[in-house]
file final.tsv (TSV, C-alpha atoms and all ligand atoms)
chain	number	residue	atom	x	y	z
A	22	MET	CA	-22.80	-29.45	-18.05
A	23	THR	CA	-22.05	-26.07	-19.54
A	24	ASP	CA	-20.58	-25.17	-22.86
A	25	ASP	CA	-17.48	-24.22	-20.97
A	26	ASP	CA	-16.61	-27.79	-20.13
A	27	PHE	CA	-15.97	-28.58	-23.78
A	28	ALA	CA	-14.07	-25.46	-24.57
A	29	PRO	CA	-10.34	-25.98	-24.79
A	30	ARG	CA	-8.26	-23.79	-22.52
A	31	PRO	CA	-5.23	-21.92	-23.76
A	32	GLY	CA	-1.94	-23.38	-22.55
A	33	LEU	CA	-0.84	-20.12	-20.97
A	34	SER	CA	-2.51	-17.03	-19.55
A	35	VAL	CA	-0.46	-13.99	-18.68
A	36	VAL	CA	-2.18	-11.71	-16.17
A	37	ILE	CA	-0.99	-8.12	-15.79
A	38	PRO	CA	-2.55	-5.37	-13.65
A	39	CYS	CA	-1.96	-1.93	-15.14
A	40	TYR	CA	-2.42	1.40	-13.41
A	41	ASN	CA	-1.34	4.50	-15.29
A	42	GLU	CA	1.18	2.56	-17.33
A	43	GLU	CA	0.83	4.30	-20.71
A	44	ALA	CA	4.58	4.85	-20.89
A	45	VAL	CA	5.52	1.18	-20.59
A	46	LEU	CA	2.70	-0.59	-22.43
A	47	PRO	CA	4.05	-0.58	-26.02
A	48	GLU	CA	7.36	-2.08	-24.93
A	49	LEU	CA	5.64	-4.52	-22.57
A	50	ILE	CA	3.34	-5.80	-25.30
A	51	ARG	CA	6.19	-6.06	-27.80
A	52	ARG	CA	8.43	-8.11	-25.49
A	53	LEU	CA	5.64	-10.21	-24.07
A	54	ARG	CA	4.16	-11.12	-27.43
A	55	ALA	CA	7.58	-12.14	-28.72
A	56	VAL	CA	8.02	-14.53	-25.78
A	57	CYS	CA	4.49	-15.95	-25.90
A	58	ASP	CA	4.53	-16.42	-29.67
A	59	ALA	CA	7.81	-18.29	-29.38
A	60	HIS	CA	6.76	-20.66	-26.61
A	61	PHE	CA	2.97	-20.90	-26.85
A	62	PRO	CA	2.16	-20.12	-30.48
A	63	ASP	CA	-1.63	-19.71	-30.91
A	64	ASP	CA	-2.08	-21.16	-27.46
A	65	HIS	CA	-1.93	-18.23	-25.06
A	66	GLU	CA	-3.95	-15.30	-23.83
A	67	ILE	CA	-2.67	-12.03	-22.44
A	68	LEU	CA	-5.08	-10.54	-19.95
A	69	LEU	CA	-4.45	-6.91	-19.10
A	70	VAL	CA	-6.48	-5.40	-16.28
A	71	ASP	CA	-6.77	-1.63	-16.27
A	72	ASP	CA	-7.17	-0.69	-12.62
A	73	GLY	CA	-9.04	2.58	-13.17
A	74	SER	CA	-6.14	4.45	-14.76
A	75	SER	CA	-6.46	8.16	-15.39
A	76	ASP	CA	-4.01	8.32	-18.28
A	77	ALA	CA	-4.19	6.76	-21.76
A	78	THR	CA	-3.75	3.18	-20.45
A	79	TRP	CA	-7.28	2.08	-21.28
A	80	SER	CA	-7.36	3.50	-24.80
A	81	LEU	CA	-4.05	1.74	-25.48
A	82	LEU	CA	-5.31	-1.55	-24.05
A	83	ARG	CA	-8.53	-1.31	-26.02
A	84	GLY	CA	-6.52	-0.78	-29.19
A	85	TYR	CA	-4.43	-3.91	-28.52
A	86	ALA	CA	-7.46	-6.01	-27.67
A	87	ASP	CA	-9.25	-4.92	-30.83
A	88	SER	CA	-6.34	-5.83	-33.06
A	89	VAL	CA	-4.59	-8.79	-31.42
A	90	PRO	CA	-6.75	-11.92	-30.87
A	91	ALA	CA	-4.63	-13.17	-27.97
A	92	ILE	CA	-5.09	-9.97	-25.97
A	93	THR	CA	-8.02	-9.33	-23.67
A	94	ALA	CA	-8.40	-5.97	-21.99
A	95	VAL	CA	-10.44	-5.65	-18.81
A	96	ASN	CA	-11.44	-2.25	-17.49
A	97	LEU	CA	-12.34	-2.04	-13.82
A	98	ALA	CA	-14.93	0.50	-12.73
A	99	ARG	CA	-12.41	2.41	-10.60
A	100	ASN	CA	-9.02	2.00	-8.98
A	101	HIS	CA	-9.31	-1.07	-6.78
A	102	GLY	CA	-5.60	-1.41	-5.98
A	103	HIS	CA	-2.90	-3.74	-7.25
A	104	GLN	CA	-3.91	-6.87	-5.34
A	105	LEU	CA	-7.57	-6.66	-6.33
A	106	ALA	CA	-6.77	-5.89	-9.97
A	107	LEU	CA	-4.57	-8.95	-9.91
A	108	SER	CA	-7.35	-11.01	-8.34
A	109	ALA	CA	-9.73	-9.84	-11.09
A	110	GLY	CA	-7.27	-11.03	-13.73
A	111	LEU	CA	-6.85	-14.39	-11.99
A	112	GLN	CA	-10.62	-14.90	-11.89
A	113	LEU	CA	-11.03	-14.12	-15.57
A	114	CYS	CA	-8.09	-16.01	-17.01
A	115	THR	CA	-8.58	-19.54	-18.31
A	116	GLY	CA	-5.11	-20.90	-19.08
A	117	ASP	CA	-3.72	-24.20	-17.81
A	118	LEU	CA	-0.71	-22.25	-16.65
A	119	VAL	CA	-0.96	-18.70	-15.40
A	120	LEU	CA	1.91	-16.24	-15.34
A	121	VAL	CA	1.46	-13.11	-13.24
A	122	MET	CA	3.69	-10.12	-13.77
A	123	ASP	CA	3.85	-6.34	-13.32
A	124	ALA	CA	3.33	-4.01	-16.24
A	125	ASP	CA	6.48	-1.99	-15.70
A	126	LEU	CA	8.90	-4.66	-17.01
A	127	GLN	CA	10.64	-4.95	-13.67
A	128	ASP	CA	9.89	-8.62	-14.14
A	129	PRO	CA	11.44	-9.67	-17.46
A	130	PRO	CA	8.96	-11.73	-19.55
A	131	GLU	CA	11.90	-13.47	-21.21
A	132	LEU	CA	12.16	-15.65	-18.08
A	133	LEU	CA	9.05	-17.55	-19.17
A	134	PRO	CA	10.98	-20.60	-20.52
A	135	GLN	CA	12.87	-20.85	-17.23
A	136	PHE	CA	9.60	-20.72	-15.29
A	137	ILE	CA	8.17	-23.44	-17.51
A	138	ALA	CA	11.29	-25.59	-17.12
A	139	LYS	CA	11.11	-25.37	-13.30
A	140	MET	CA	7.41	-26.13	-13.37
A	141	ALA	CA	8.12	-29.21	-15.47
A	142	GLU	CA	10.20	-30.57	-12.58
A	143	GLY	CA	6.86	-31.16	-10.89
A	144	TYR	CA	5.93	-27.96	-9.09
A	145	ASP	CA	2.62	-26.14	-8.97
A	146	VAL	CA	4.02	-22.69	-8.29
A	147	VAL	CA	7.28	-21.17	-9.44
A	148	TYR	CA	7.85	-17.77	-7.89
A	149	GLY	CA	10.44	-15.24	-8.92
A	150	GLN	CA	12.82	-14.41	-6.11
A	151	ARG	CA	14.80	-11.20	-6.45
A	152	THR	CA	18.53	-11.49	-6.07
A	153	ARG	CA	19.13	-7.88	-6.98
A	154	ARG	CA	16.83	-4.92	-7.20
A	155	ALA	CA	18.33	-2.45	-9.60
A	156	GLY	CA	17.00	1.07	-9.60
A	157	GLU	CA	15.21	0.82	-6.25
A	158	THR	CA	16.20	3.12	-3.44
A	159	LEU	CA	18.11	1.94	-0.38
A	160	PHE	CA	15.05	2.95	1.63
A	161	LYS	CA	12.72	0.74	-0.41
A	162	ARG	CA	15.07	-2.20	-0.15
A	163	ALA	CA	15.60	-1.72	3.61
A	164	THR	CA	11.88	-1.41	4.38
A	165	ALA	CA	11.03	-4.36	2.13
A	166	SER	CA	13.63	-6.50	3.87
A	167	ALA	CA	12.48	-5.46	7.36
A	168	PHE	CA	8.90	-6.18	6.33
A	169	TYR	CA	9.65	-9.73	5.16
A	170	ARG	CA	11.62	-10.51	8.30
A	171	LEU	CA	8.86	-9.27	10.58
A	172	LEU	CA	6.24	-11.11	8.55
A	173	ASP	CA	8.27	-14.27	8.84
A	174	ARG	CA	8.19	-14.05	12.64
A	175	LEU	CA	4.48	-13.34	12.86
A	176	VAL	CA	3.05	-15.72	10.35
A	177	ASP	CA	2.57	-19.49	10.48
A	178	VAL	CA	2.78	-20.23	6.77
A	179	SER	CA	6.19	-19.47	5.42
A	180	ILE	CA	6.02	-16.64	2.93
A	181	PRO	CA	9.23	-16.61	0.94
A	182	ARG	CA	11.36	-13.49	1.22
A	183	ASP	CA	12.06	-11.04	-1.56
A	184	THR	CA	9.32	-12.28	-3.81
A	185	GLY	CA	6.77	-10.17	-5.60
A	186	ASP	CA	3.78	-11.30	-7.56
A	187	PHE	CA	5.91	-12.49	-10.49
A	188	ARG	CA	5.06	-16.20	-10.58
A	189	LEU	CA	3.84	-19.07	-12.70
A	190	MET	CA	0.93	-21.09	-11.29
A	191	SER	CA	-0.89	-24.24	-12.28
A	192	ARG	CA	-4.61	-24.19	-12.96
A	193	ARG	CA	-5.41	-26.01	-9.73
A	194	VAL	CA	-3.59	-23.39	-7.67
A	195	VAL	CA	-5.41	-20.58	-9.48
A	196	ASP	CA	-8.74	-22.34	-8.91
A	197	GLN	CA	-7.98	-22.65	-5.20
A	198	PHE	CA	-6.94	-19.02	-5.10
A	199	ASN	CA	-10.17	-17.93	-6.76
A	200	ALA	CA	-12.12	-19.84	-4.13
A	201	MET	CA	-10.63	-17.68	-1.38
A	202	PRO	CA	-13.23	-14.98	-0.70
A	203	GLU	CA	-11.38	-12.47	1.45
A	204	ARG	CA	-11.30	-8.81	0.58
A	205	PHE	CA	-7.95	-7.90	2.09
A	206	ARG	CA	-5.82	-9.80	-0.34
A	207	PHE	CA	-2.13	-10.29	0.12
A	208	VAL	CA	-1.80	-12.36	-3.01
A	209	ARG	CA	1.69	-13.78	-2.56
A	210	GLY	CA	0.83	-14.90	0.98
A	211	MET	CA	-2.42	-16.51	-0.15
A	212	VAL	CA	-0.57	-18.44	-2.84
A	213	SER	CA	2.00	-19.67	-0.30
A	214	TRP	CA	-0.85	-20.70	1.97
A	215	ILE	CA	-2.36	-22.91	-0.74
A	216	GLY	CA	0.68	-25.15	-0.73
A	217	PHE	CA	1.34	-27.96	-3.24
A	218	GLY	CA	4.93	-27.84	-4.49
A	219	GLN	CA	6.31	-24.32	-4.66
A	220	VAL	CA	9.80	-23.38	-5.69
A	221	ALA	CA	11.84	-20.20	-6.19
A	222	LEU	CA	13.38	-19.02	-9.42
A	223	PRO	CA	16.10	-16.46	-8.61
A	224	TYR	CA	16.22	-13.49	-10.96
A	225	GLU	CA	17.56	-9.99	-11.12
A	226	ARG	CA	14.87	-7.38	-10.89
A	227	ASP	CA	15.25	-4.67	-13.51
A	228	PRO	CA	14.50	-1.04	-12.85
A	229	ARG	CA	11.06	0.20	-13.83
A	230	LEU	CA	11.09	0.95	-17.55
A	231	ALA	CA	9.29	4.29	-17.27
A	232	GLY	CA	6.84	6.10	-15.05
A	233	GLN	CA	6.81	5.97	-11.27
A	234	SER	CA	6.24	3.38	-8.61
A	235	HIS	CA	2.66	3.35	-7.35
A	236	TYR	CA	3.76	2.22	-3.93
A	237	PRO	CA	4.68	5.31	-1.93
A	238	LEU	CA	5.42	4.85	1.78
A	239	ARG	CA	1.77	5.31	2.75
A	240	LYS	CA	0.63	2.46	0.50
A	241	MET	CA	3.54	0.28	1.57
A	242	ILE	CA	2.52	0.65	5.21
A	243	SER	CA	-1.10	-0.23	4.54
A	244	PHE	CA	0.06	-3.15	2.38
A	245	ALA	CA	2.20	-4.35	5.28
A	246	ILE	CA	-0.67	-4.03	7.77
A	247	ASP	CA	-2.96	-5.93	5.40
A	248	ALA	CA	-0.39	-8.68	5.13
A	249	MET	CA	0.10	-9.01	8.89
A	250	THR	CA	-3.56	-8.90	9.82
A	251	SER	CA	-4.61	-11.31	7.10
A	252	PHE	CA	-2.07	-13.89	8.06
A	253	SER	CA	-1.64	-13.59	11.78
A	254	THR	CA	-3.59	-12.97	14.94
A	255	MET	CA	-0.35	-12.60	16.88
A	256	PRO	CA	-0.83	-8.82	17.34
A	257	LEU	CA	-4.03	-9.62	19.27
A	258	ARG	CA	-2.08	-11.84	21.64
A	259	PHE	CA	0.36	-8.98	22.07
A	260	ALA	CA	-2.26	-7.33	24.31
A	261	SER	CA	-2.32	-10.18	26.82
A	262	HIS	CA	1.47	-10.49	26.86
A	263	LEU	CA	1.78	-6.79	27.46
A	264	GLY	CA	-0.86	-6.94	30.19
A	265	LEU	CA	1.02	-9.73	31.96
A	266	ALA	CA	4.35	-7.94	31.72
A	267	LEU	CA	2.97	-4.65	33.03
A	268	GLY	CA	1.04	-6.42	35.79
A	269	GLY	CA	4.29	-8.05	36.91
A	270	LEU	CA	6.02	-4.68	36.96
A	271	GLY	CA	3.15	-3.16	38.93
A	272	ILE	CA	3.36	-5.85	41.62
A	273	ALA	CA	7.12	-5.36	41.88
A	274	ALA	CA	6.59	-1.64	42.32
A	275	LEU	CA	3.98	-2.27	45.00
A	276	VAL	CA	6.35	-4.56	46.92
A	277	TRP	CA	9.00	-1.88	46.74
A	278	VAL	CA	6.63	0.83	48.03
A	279	ILE	CA	5.44	-1.34	50.95
A	280	ALA	CA	8.97	-2.37	51.86
A	281	ALA	CA	10.11	1.25	51.81
A	282	TYR	CA	7.15	2.23	54.03
A	283	ALA	CA	7.94	-0.58	56.50
A	284	MET	CA	11.46	0.72	56.78
A	285	GLY	CA	10.17	4.11	57.75
A	286	GLY	CA	10.33	6.02	54.50
A	287	THR	CA	7.83	6.76	51.69
A	288	VAL	CA	8.59	6.69	48.00
A	289	ALA	CA	8.21	10.24	46.70
A	290	GLY	CA	7.37	11.56	43.30
A	291	TRP	CA	4.14	12.46	41.56
A	292	SER	CA	6.07	13.05	38.33
A	293	SER	CA	6.98	9.39	38.03
A	294	LEU	CA	3.32	8.62	38.68
A	295	ALA	CA	2.21	10.98	35.94
A	296	ALA	CA	4.65	9.38	33.50
A	297	LEU	CA	3.37	5.93	34.41
A	298	ILE	CA	-0.24	6.97	33.87
A	299	LEU	CA	0.61	8.41	30.46
A	300	ILE	CA	2.46	5.27	29.44
A	301	MET	CA	-0.38	3.04	30.61
A	302	GLY	CA	-2.91	5.21	28.76
A	303	SER	CA	-0.94	5.02	25.56
A	304	VAL	CA	-0.47	1.26	25.85
A	305	GLN	CA	-4.21	0.81	26.33
A	306	LEU	CA	-5.01	2.92	23.30
A	307	LEU	CA	-2.44	1.05	21.23
A	308	VAL	CA	-4.01	-2.27	22.13
A	309	LEU	CA	-7.47	-0.86	21.38
A	310	GLY	CA	-6.13	0.27	18.03
A	311	ILE	CA	-4.93	-3.26	17.23
A	312	LEU	CA	-8.34	-4.62	18.19
A	313	GLY	CA	-9.95	-1.97	16.01
A	314	GLU	CA	-7.77	-2.93	13.06
A	315	TYR	CA	-9.13	-6.49	13.18
A	316	LEU	CA	-12.67	-5.45	14.00
A	317	GLY	CA	-12.79	-3.03	11.07
A	318	ARG	CA	-11.60	-5.73	8.73
A	319	MET	CA	-14.22	-8.14	10.03
A	320	TYR	CA	-16.88	-5.49	9.47
A	321	ILE	CA	-15.80	-4.89	5.90
A	322	GLU	CA	-15.49	-8.61	5.16
A	323	SER	CA	-18.94	-9.20	6.60
A	324	LYS	CA	-20.51	-6.91	4.02
A	325	GLN	CA	-19.64	-9.48	1.36
A	326	ARG	CA	-19.42	-6.96	-1.44
A	327	PRO	CA	-18.01	-8.11	-4.77
A	328	LEU	CA	-14.22	-7.89	-4.87
A	329	PHE	CA	-14.16	-5.73	-7.97
A	330	ILE	CA	-16.51	-4.23	-10.53
A	331	VAL	CA	-15.87	-4.72	-14.23
A	332	ARG	CA	-16.77	-1.80	-16.46
A	333	GLU	CA	-15.86	-3.30	-19.82
A	334	ILE	CA	-14.09	-6.25	-21.39
A	335	ARG	CA	-12.63	-6.04	-24.87
A	336	ARG	CA	-11.39	-8.79	-27.08
A	337	LYS	CA	-11.38	-9.45	-30.77
A	338	ALA	CA	-14.22	-11.71	-31.91
A	339	ILE	CA	-12.74	-15.13	-32.47
A	340	ALA	CA	-13.82	-18.44	-33.91
A	341	ARG	CA	-15.34	-20.96	-31.51
A	342	ASP	CA	-12.67	-23.54	-32.21
A	343	ASN	CA	-9.98	-21.16	-31.13
A	344	PRO	CA	-8.33	-22.35	-27.92
A	345	VAL	CA	-9.01	-19.02	-26.24
A	346	HIS	CA	-12.73	-19.19	-26.84
A	347	ALA	CA	-13.24	-20.57	-23.34
A	348	LEU	CA	-12.60	-17.08	-22.12
A	349	ASN	CA	-15.63	-15.76	-23.99
A	350	ASP	CA	-18.11	-17.88	-22.08
A	351	LYS	CA	-16.46	-17.07	-18.79
A	352	LEU	CA	-16.53	-13.38	-19.59
A	353	LYS	CA	-20.18	-13.58	-20.59
A	354	GLN	CA	-20.97	-15.05	-17.20
A	355	VAL	CA	-19.13	-12.27	-15.43
A	356	ILE	CA	-20.77	-9.54	-17.47
A	357	ASN	CA	-24.27	-10.99	-17.20
A	358	GLY	CA	-23.95	-12.02	-13.59
B	1	LIG	N1	-0.90	-1.37	-9.95
B	1	LIG	C1	-2.29	-1.52	-10.04
B	1	LIG	N2	-3.10	-0.77	-9.23
B	1	LIG	C2	-2.60	0.13	-8.31
B	1	LIG	C3	-1.17	0.24	-8.21
B	1	LIG	C4	-0.37	-0.52	-9.02
B	1	LIG	O1	-2.80	-2.30	-10.84
B	1	LIG	O2	-3.38	0.79	-7.62
B	1	LIG	C5	-0.03	-2.20	-10.81
B	1	LIG	C6	1.01	-1.42	-11.61
B	1	LIG	O3	0.51	-0.97	-12.83
B	1	LIG	C7	2.10	-2.46	-11.79
B	1	LIG	C8	2.00	-3.30	-10.52
B	1	LIG	O4	0.70	-3.05	-9.98
B	1	LIG	O5	1.84	-3.30	-12.89
B	1	LIG	C9	3.08	-2.98	-9.50
B	1	LIG	O6	3.06	-1.60	-9.21
B	1	LIG	P1	4.42	-0.74	-9.12
B	1	LIG	O7	5.36	-1.14	-10.19
B	1	LIG	O8	4.02	0.69	-9.10
B	1	LIG	O9	4.95	-1.16	-7.69
B	1	LIG	P2	6.48	-1.45	-7.26
B	1	LIG	O10	7.07	-2.36	-8.31
B	1	LIG	O11	7.14	-0.13	-7.21
B	1	LIG	O12	6.37	-2.11	-5.92
B	2	MG	MG	7.16	-1.93	-10.25

call {"tool": "encode", "arguments": {"input": "final.tsv", "output": "structure tokens"}}
result
Amino acid sequence: MTDDDFAPRPGLSVVIPCYNEEAVLPELIRRLRAVCDAHFPDDHEILLVDDGSSDATWSLLRGYADSVPAITAVNLARNHGHQLALSAGLQLCTGDLVLVMDADLQDPPELLPQFIAKMAEGYDVVYGQRTRRAGETLFKRATASAFYRLLDRLVDVSIPRDTGDFRLMSRRVVDQFNAMPERFRFVRGMVSWIGFGQVALPYERDPRLAGQSHYPLRKMISFAIDAMTSFSTMPLRFASHLGLALGGLGIAALVWVIAAYAMGGTVAGWSSLAALILIMGSVQLLVLGILGEYLGRMYIESKQRPLFIVREIRRKAIARDNPVHALNDKLKQVING
């Protein structure tokens, strides 16, 4: 039995990935601390993961961690991306309840009591569901909505629509999540997959407080492909369906050509033939591409590299009887191992 087993856990961990968020951090910390101090006095930890920022984010986080006992700042070795930074935070946090939110205050921390109240009805996961997305472009809303609808059709587990990573989870869900080894991590889907009782908490999403979204179209597309390929093998089946359909068409065309010949004519046209060859070629390459997408992912998964590399962890030295001391031992393991 390790020391860890005796260490009390804090009641609440708040996990926040931060990437170039210097402009929002002071306000985030102010609002978050007010909420946590009100509802979990001396019984919470705030775990901020700096995902390889290039601005002043880390020096700010370090300053908070050095002065506020409840704050832990984790610096990753480079930019690993939102979902991995979040996974790092989930691995390192120790709370009985874990709240995940974005740094940009699009998810208001003041909803914490409502999350807790829903959880108390007997759920393991309470996820924020956006009823309104202020300050986001029509394009972002349209693509997000199309994405969730497509995902819904492809995927076996139901992944609730219009949810982000803003959610409150029980310790057992976080433990299950941490046991999932995959590298391509679509966190909200993985949490849905875990099951137990999960329920939505509708809320209005505020505009980003400052700075810019880190999800330009390019990242949104790769995020969407990650989500589809991690949760569905349907695109692979697409190849056989397409093959069947085209085979059927080919036979029909053949029947037509033979019938025309029997009636004394021949079907003319090399241009239609050229078009058909081009279409077939492109369909074959498309299907190869889908195969490649899965194969590449299998290759990367098979390397079994660590999900993230921690450069530094900062927290104020605290007494052993402090409820957040459990974190220390866990962090020591991560740093030494
Ligand atoms: N983020 C991160 N690593 C990245 C990109 C984003 O940790 O490579 C964090 C970011 O700091 C924020 C959250 O992920 O806390 C969501 O990012 P953002 O607000 O830019 O996305 P959006 O809300 O526009 O989808
Ligand atoms: Mg945001």

call {"tool": "residues_around", "arguments": {"input": "final.tsv", "residues": "region 159-171 of chain A", "least_positions_apart": "5", "cutoff": "9 Å", "atoms": "only C-alpha atoms", "output": "VMD selection string"}}
result
chain A and resid 154 176 180 to 183 238 241 245 249

call {"tool": "axis_aligned_box", "arguments": {"input": "final.tsv", "around": "ligand LIG 1 (chain B)", "padding_each_side": "6 Å", "output": "lines of an AutoDock Vina configuration file"}}
result
center_x = 1.9
center_y = -1.3
center_z = -9.4
size_x = 22.5
size_y = 16.1
size_z = 19.0

call {"tool": "atom_distance", "arguments": {"input": "final.tsv", "atom1": "CA of Glu131 (chain A)", "atom2": "CA of Arg52 (chain A)"}}
result
7.7 Å

call {"tool": "closest_residue", "arguments": {"input": "final.tsv", "among": "A:Gln104, A:Ser88, A:Ser261, A:Thr254", "to": "Leu328 (chain A)", "atoms": "all atoms listed in the file"}}
result
A:Gln104

call {"tool": "atom_distance", "arguments": {"input": "final.tsv", "atom1": "atom C1 of ligand LIG 1 (chain B)", "atom2": "CA of Pro38 (chain A)"}}
result
5.3 Å

call {"tool": "closest_atom_pairs", "arguments": {"input": "final.tsv", "of": "chain A", "to": "ligand MG 2 (chain B)", "cutoff": "12 Å", "atoms": "only C-alpha atoms and all ligand atoms", "output": "CSV"}}
result
residue,atom,partner,partner_atom,distance
A:Ile37,CA,B:MG2,MG,11.6
A:Pro38,CA,B:MG2,MG,10.8
A:Cys39,CA,B:MG2,MG,10.3
A:Tyr40,CA,B:MG2,MG,10.6
A:Asn41,CA,B:MG2,MG,11.8
A:Glu42,CA,B:MG2,MG,10.3
A:Val45,CA,B:MG2,MG,10.9
A:His103,CA,B:MG2,MG,10.7
A:Met122,CA,B:MG2,MG,9.6
A:Asp123,CA,B:MG2,MG,6.3
A:Ala124,CA,B:MG2,MG,7.4
A:Asp125,CA,B:MG2,MG,5.5
A:Leu126,CA,B:MG2,MG,7.5
A:Gln127,CA,B:MG2,MG,5.7
A:Asp128,CA,B:MG2,MG,8.2
A:Pro129,CA,B:MG2,MG,11.4
A:Arg154,CA,B:MG2,MG,10.6
A:Ala155,CA,B:MG2,MG,11.2
A:Gly156,CA,B:MG2,MG,10.3
A:Glu157,CA,B:MG2,MG,9.4
A:Lys161,CA,B:MG2,MG,11.6
A:Gly185,CA,B:MG2,MG,9.5
A:Asp186,CA,B:MG2,MG,10.3
A:Phe187,CA,B:MG2,MG,10.6
A:Arg226,CA,B:MG2,MG,9.5
A:Asp227,CA,B:MG2,MG,9.1
A:Pro228,CA,B:MG2,MG,7.8
A:Arg229,CA,B:MG2,MG,5.7
A:Leu230,CA,B:MG2,MG,8.8
A:Ala231,CA,B:MG2,MG,9.6
A:Gly232,CA,B:MG2,MG,9.4
A:Gln233,CA,B:MG2,MG,8.0
A:Ser234,CA,B:MG2,MG,5.6
A:His235,CA,B:MG2,MG,7.5
A:Tyr236,CA,B:MG2,MG,8.3
A:Pro237,CA,B:MG2,MG,11.3

call {"tool": "closest_residue", "arguments": {"input": "final.tsv", "among": "A:Tyr320, A:Phe205, A:Tyr148, A:Trp79", "to": "Arg99 (chain A)", "atoms": "only C-alpha atoms"}}
result
A:Trp79
